[in-house]
$ cat query26.cif   # mmCIF, C-alpha atoms
data_query
loop_
_atom_site.label_atom_id
_atom_site.label_comp_id
_atom_site.auth_asym_id
_atom_site.auth_seq_id
_atom_site.Cartn_x
_atom_site.Cartn_y
_atom_site.Cartn_z
CA MET A 295 77.89 61.04 215.34
CA ASN A 296 81.45 59.85 214.86
CA LYS A 297 83.86 62.79 214.69
CA LYS A 298 85.70 60.99 211.88
CA LEU A 299 82.56 61.19 209.78
CA LYS A 300 80.84 64.46 208.92
CA ILE A 301 77.79 64.96 206.75
CA GLU A 302 77.67 68.14 204.68
CA GLY A 303 74.78 68.60 202.29
CA ASN A 304 74.61 65.52 200.08
CA SER A 305 78.20 64.48 200.81
CA VAL A 306 79.93 62.68 203.61
CA ILE A 307 83.43 63.76 204.67
CA LEU A 308 85.67 61.18 206.26
CA SER A 309 88.74 62.08 208.24
CA ILE A 310 91.48 59.46 208.08
CA ASN A 311 94.66 59.16 210.07
CA PRO A 312 97.48 58.44 207.57
CA LYS A 313 99.48 56.76 210.33
CA LEU A 314 96.80 54.07 210.56
CA TYR A 315 96.11 53.66 206.87
CA PRO A 316 98.79 54.16 204.22
CA LEU A 317 97.94 56.04 201.05
CA GLU A 318 97.99 52.81 199.05
CA THR A 319 95.17 51.42 201.23
CA ILE A 320 93.17 54.64 200.88
CA TYR A 321 93.44 54.52 197.10
CA SER A 322 92.35 50.85 197.05
CA ALA A 323 89.29 51.56 199.21
CA SER A 324 88.42 54.60 197.05
CA TYR A 325 88.41 52.52 193.86
CA VAL A 326 85.73 50.25 195.32
CA PHE A 327 83.39 53.25 195.62
CA LEU A 328 83.92 54.74 192.16
CA ASP A 329 80.73 53.19 190.76
CA ARG A 330 78.56 54.23 193.72
CA ALA A 331 79.89 57.66 194.59
CA TYR A 332 82.02 60.54 193.42
CA VAL A 333 85.24 60.34 195.40
CA PHE A 334 87.39 63.38 196.15
CA LEU A 335 90.70 63.10 197.97
CA ASP A 336 91.95 66.07 199.96
CA GLY A 337 93.91 67.05 203.03
CA ASP A 338 97.47 66.44 204.06
CA PRO A 339 98.88 62.93 203.51
CA LYS A 340 101.12 63.39 206.55
CA LYS A 341 98.54 64.73 209.01
CA GLU A 342 94.95 64.12 208.00
CA ILE A 343 93.48 62.73 204.80
CA LEU A 344 89.96 63.79 203.86
CA ILE A 345 87.75 61.63 201.70
CA ILE A 346 84.67 63.31 200.33
CA LEU A 347 82.02 60.90 199.08
CA LYS A 348 79.09 62.21 197.08
CA PRO A 349 76.75 59.32 196.29
CA LYS A 350 75.44 58.97 192.74
CA GLU A 351 72.05 57.84 194.04
CA LYS A 352 70.19 58.76 197.19
CA ILE A 353 71.50 56.54 199.96
CA ASN A 354 72.21 56.80 203.66
CA LEU A 355 75.36 58.91 203.95
CA GLU A 356 76.37 57.63 207.37
CA GLU A 357 76.12 54.07 206.12
CA LEU A 358 78.20 54.93 203.05
CA GLY A 359 80.90 56.45 205.25
CA GLY A 360 80.85 53.43 207.54
CA GLU A 361 81.26 51.12 204.56
CA PHE A 362 84.28 53.11 203.45
CA PHE A 363 85.92 52.65 206.86
CA ASN A 364 85.22 48.91 206.66
CA GLU A 365 86.79 48.80 203.22
CA LEU A 366 89.86 50.56 204.64
CA ILE A 367 90.26 47.81 207.26
CA ASN A 368 89.74 45.18 204.58
CA TYR A 369 92.49 46.57 202.35
CA ALA A 370 94.84 47.33 205.23
CA ASP A 371 94.64 43.64 206.21
CA TYR A 372 94.97 42.50 202.58
CA ASN A 373 98.08 44.65 202.03
CA ALA A 374 99.63 43.53 205.31
CA ARG A 375 99.10 39.84 204.45
CA SER A 376 100.29 40.41 200.93
CA LYS A 377 103.58 41.79 202.27
CA GLU A 378 103.87 38.94 204.80
CA THR A 379 103.45 36.25 202.15
CA LYS A 380 105.48 37.99 199.43
CA LYS A 381 108.57 35.84 200.00
CA ILE A 382 106.72 32.52 199.91
CA ARG A 383 104.80 33.53 196.77
CA GLU A 384 108.09 34.39 195.08
CA ILE A 385 109.58 31.00 196.05
CA ILE A 386 106.54 29.11 194.72
CA LEU A 387 106.68 31.02 191.43
CA GLN A 388 110.42 30.50 191.15
CA LYS A 389 110.02 26.74 191.71
CA ALA A 390 107.24 26.54 189.14
CA LEU A 391 109.36 28.35 186.56
CA ILE A 392 112.44 26.20 187.24
CA THR A 393 110.41 22.98 186.90
CA ASN A 394 109.19 24.01 183.46
CA ASP A 395 112.47 25.50 182.32
CA PRO A 396 113.93 23.33 179.49
CA ILE A 397 117.38 24.80 180.09
CA SER A 398 117.51 23.60 183.66
CA GLN A 399 116.27 20.19 182.46
CA ASP A 400 119.38 19.97 180.27
CA SER A 401 121.63 20.62 183.21
CA ASP A 402 123.99 18.08 184.77
CA GLU A 403 121.85 18.01 187.86
CA PHE A 404 118.87 16.92 185.78
CA ASP A 405 120.95 14.23 183.99
CA ASP A 406 122.19 12.91 187.33
CA LEU A 407 118.62 12.69 188.57
CA ILE A 408 117.53 10.71 185.47
CA LYS A 409 120.52 8.37 185.82
CA GLU A 410 119.73 7.84 189.47
CA LEU A 411 116.16 6.87 188.52
CA GLU A 412 117.40 4.50 185.79
CA ASP A 413 119.82 2.81 188.18
CA ASP A 414 117.09 2.36 190.72
CA ASP A 415 116.01 -1.34 190.85
CA GLU A 416 112.39 -0.40 191.10
CA PHE A 417 112.55 1.23 187.66
CA SER A 418 115.06 -1.12 185.97
CA ASP A 419 112.96 -4.21 186.68
CA ASP A 420 110.85 -4.16 183.50
CA ALA A 421 109.50 -7.67 183.40
CA ASP A 422 106.29 -6.61 181.69
CA LYS A 423 108.21 -4.59 179.07
CA ILE A 424 106.32 -1.51 179.88
CA ILE A 425 109.21 0.76 178.96
CA ALA A 426 109.37 -0.44 175.33
CA PRO A 427 106.96 1.27 172.96
CA TRP A 428 103.83 -0.84 172.49
CA GLU A 429 104.28 -0.93 168.69
CA ASP A 430 107.49 -2.96 169.20
CA ASN A 431 105.68 -5.57 171.30
CA ASP A 432 102.62 -5.83 169.11
CA THR A 433 102.67 -9.35 167.63
CA THR A 434 99.29 -9.05 165.94
CA LYS A 435 100.73 -6.51 163.48
CA ASN A 436 101.76 -7.80 160.04
CA MET B 3 71.70 75.45 175.27
CA THR B 4 73.40 76.43 178.54
CA GLN B 5 77.14 76.69 178.79
CA GLN B 6 78.79 75.19 181.81
CA LYS B 7 82.00 76.33 183.45
CA ILE B 8 83.35 74.37 186.39
CA LYS B 9 86.46 74.87 188.46
CA ILE B 10 87.82 71.88 190.39
CA ILE B 11 90.69 71.93 192.83
CA LEU B 12 92.53 68.62 192.76
CA ASN B 13 94.96 68.22 195.63
CA SER B 14 98.43 67.68 194.18
CA ASN B 15 99.26 65.33 197.05
CA PHE B 16 96.80 62.77 195.67
CA TYR B 17 96.37 63.55 191.98
CA ASP B 18 99.17 63.67 189.44
CA LYS B 19 99.53 66.04 186.52
CA ARG B 20 99.98 63.26 183.95
CA SER B 21 96.66 61.62 184.85
CA ILE B 22 94.81 64.95 184.83
CA LYS B 23 96.25 65.80 181.40
CA GLU B 24 95.26 62.37 180.08
CA ALA B 25 91.74 62.78 181.49
CA LEU B 26 91.41 66.21 179.86
CA LYS B 27 92.48 64.65 176.56
CA ASP B 28 89.93 61.84 176.93
CA TYR B 29 87.18 64.32 177.86
CA LYS B 30 87.75 66.42 174.71
CA GLY B 31 84.52 65.17 173.14
CA ILE B 32 82.54 66.23 176.22
CA CYS B 33 84.24 69.40 177.36
CA THR B 34 87.42 71.41 177.14
CA GLY B 35 89.64 72.09 180.10
CA LYS B 36 92.99 73.20 181.34
CA ILE B 37 95.17 73.05 184.42
CA LEU B 38 95.38 76.57 185.77
CA ASN B 39 98.31 76.26 188.17
CA ASP B 40 100.65 73.92 190.02
CA LYS B 41 98.01 73.26 192.69
CA PHE B 42 95.95 71.61 189.94
CA ASP B 43 93.04 74.00 189.71
CA VAL B 44 91.24 72.56 186.70
CA GLU B 45 88.71 74.46 184.66
CA LEU B 46 86.18 72.52 182.60
CA ASN B 47 83.99 74.16 179.95
CA SER B 48 81.16 72.44 178.15
CA ASN B 49 78.57 73.68 175.69
CA GLU B 50 75.75 71.88 177.43
CA HIS B 51 74.89 71.07 181.01
CA ILE B 52 76.30 67.74 182.20
CA ASP B 53 75.19 66.41 185.57
CA ASN B 54 78.00 65.98 188.07
CA LEU B 55 80.69 66.73 185.54
CA GLU B 56 83.23 67.51 188.26
CA GLY B 57 82.52 64.24 190.07
CA GLU B 58 82.72 62.21 186.87
CA PHE B 59 85.99 63.91 185.98
CA CYS B 60 87.53 63.30 189.42
CA ASN B 61 86.49 59.64 189.36
CA TYR B 62 87.96 59.31 185.88
CA VAL B 63 91.29 60.78 187.06
CA LEU B 64 91.30 58.38 190.04
CA GLY B 65 90.63 55.50 187.66
CA LEU B 66 93.62 56.52 185.55
CA ILE B 67 95.83 56.70 188.64
CA LYS B 68 94.71 53.15 189.52
CA HIS B 69 95.81 51.78 186.16
CA ARG B 70 99.16 53.50 186.29
#
$ encode --input "query26.cif" --output "structure tokens"
Amino acid sequence: MNKKLKIEGNSVILSINPKLYPLETIYSASYVFLDRAYVFLDGDPKKEILIILKPKEKINLEELGGEFFNELINYADYNARSKETKKIREIILQKALITNDPISQDSDEFDDLIKELEDDDEFSDDADKIIAPWEDNDTTKN
Amino acid sequence: MTQQKIKIILNSNFYDKRSIKEALKDYKGICTGKILNDKFDVELNSNEHIDNLEGEFCNYVLGLIKHR
């Protein structure tokens, strides 16, 4: 049996190294198990964290403990990636907000961009009178 | 009717006083309880037997910490 996993009565006690898994990750993994087991947190967050899982229904305790360790790896990876991509997510959000911001659309920069588009030959060549509202071109109307 | 008295020790490194107090308030219809000291020894008293009351209470406190 793994020394990080100890079975006592109808509970399984997991020993976790806080240097490997931060407290945030341990909390996240614990929340996943709230509907399947009673979760008790104990120990020293600087030396050794103990997770006591008492299943609500009769299940294999070793398997339950193993699943908890897997969930720890899952959340450790998720948190690491989340921190890695934080900057890019912020940039994407910022861009999205600026694009939809009416204030920034009123800015000189926005006006210059519109003027540039109007001056562009590709847009000024309106032989088919697409730019004019269709009501103005409608000859069938009385 | 059997009275139930449970003492739970919640490690102050992982559980916060505010969440425990809120949980005790929410559990008022089920049982009464109090924090006995700064190490968060919690005593729960109920008029009838409730299965795994301590486990349910601890999970509830954890749930509150999650939403904080």
$ atom_distance --input "query26.cif" --atom1 "CA of Pro316 in chain A" --atom2 "CA of Lys350 in chain A"
26.5 Å
$ atom_distance --input "query26.cif" --atom1 "CA of Phe362 in chain A" --atom2 "CA of Arg375 in chain A"
19.9 Å
$ interface_residues --input "query26.cif" --of "chain B" --to "chain A" --cutoff "8 Å" --atoms "all atoms listed in the file" --output "PDB file with C-alpha atoms, in the frame of the given file"
ATOM      1  CA  LEU B  12      92.530  68.620 192.760  1.00  0.00           C
ATOM      2  CA  ASN B  13      94.960  68.220 195.630  1.00  0.00           C
ATOM      3  CA  ASN B  15      99.260  65.330 197.050  1.00  0.00           C
ATOM      4  CA  PHE B  16      96.800  62.770 195.670  1.00  0.00           C
ATOM      5  CA  GLY B  57      82.520  64.240 190.070  1.00  0.00           C
ATOM      6  CA  GLU B  58      82.720  62.210 186.870  1.00  0.00           C
ATOM      7  CA  CYS B  60      87.530  63.300 189.420  1.00  0.00           C
ATOM      8  CA  ASN B  61      86.490  59.640 189.360  1.00  0.00           C
ATOM      9  CA  LEU B  64      91.300  58.380 190.040  1.00  0.00           C
ATOM     10  CA  GLY B  65      90.630  55.500 187.660  1.00  0.00           C
ATOM     11  CA  LYS B  68      94.710  53.150 189.520  1.00  0.00           C
TER      12      LYS B  68
END
$ atom_distance --input "query26.cif" --atom1 "CA of Tyr315 in chain A" --atom2 "CA of Ile345 in chain A"
12.7 Å
$ axis_aligned_box --input "query26.cif" --around "range 26-33 of chain B" --padding-each-side "4 Å" --output "JSON"
{"center_x": 87.5, "center_y": 65.6, "center_z": 176.5, "size_x": 17.9, "size_y": 15.6, "size_z": 14.7}
$ residues_around --input "query26.cif" --residues "Asn368 in chain A" --least-positions-apart "2" --cutoff "12 Å" --atoms "only C-alpha atoms" --output "VMD selection string"
chain A and resid 315 319 to 320 322 to 323 326 361 to 366 370 to 375
$ closest_residue --input "query26.cif" --among "A:Gln388, A:Lys297, A:Leu308, A:Lys341" --to "Leu358 in chain A" --atoms "only C-alpha atoms"
A:Leu308
$ resolve_selection --input "query26.cif" --expression "the PyMOL selection byres ((chain B and resi 43) around 9)" --output "number ranges by chain"
B: 9-13, 36-42, 44-45
$ resolve_selection --input "query26.cif" --expression "the PyMOL selection byres ((chain B and resi 46) around 6)" --output "PyMOL selection string"
chain B and resi 7-8+34-35+45+47
$ residues_around --input "query26.cif" --residues "range 28-32 of chain B" --least-positions-apart "3" --cutoff "9 Å" --atoms "all atoms listed in the file" --output "list in words"
Lys23, Glu24, Ala25, Gly35, Asn47, Ser48, Asn49, Glu50, Ile52 and Phe59 of chain B
$ closest_residue --input "query26.cif" --among "B:Thr4, B:His51, B:Ile67, B:Tyr62" --to "Leu26 in chain B" --atoms "all atoms listed in the file"
B:Tyr62
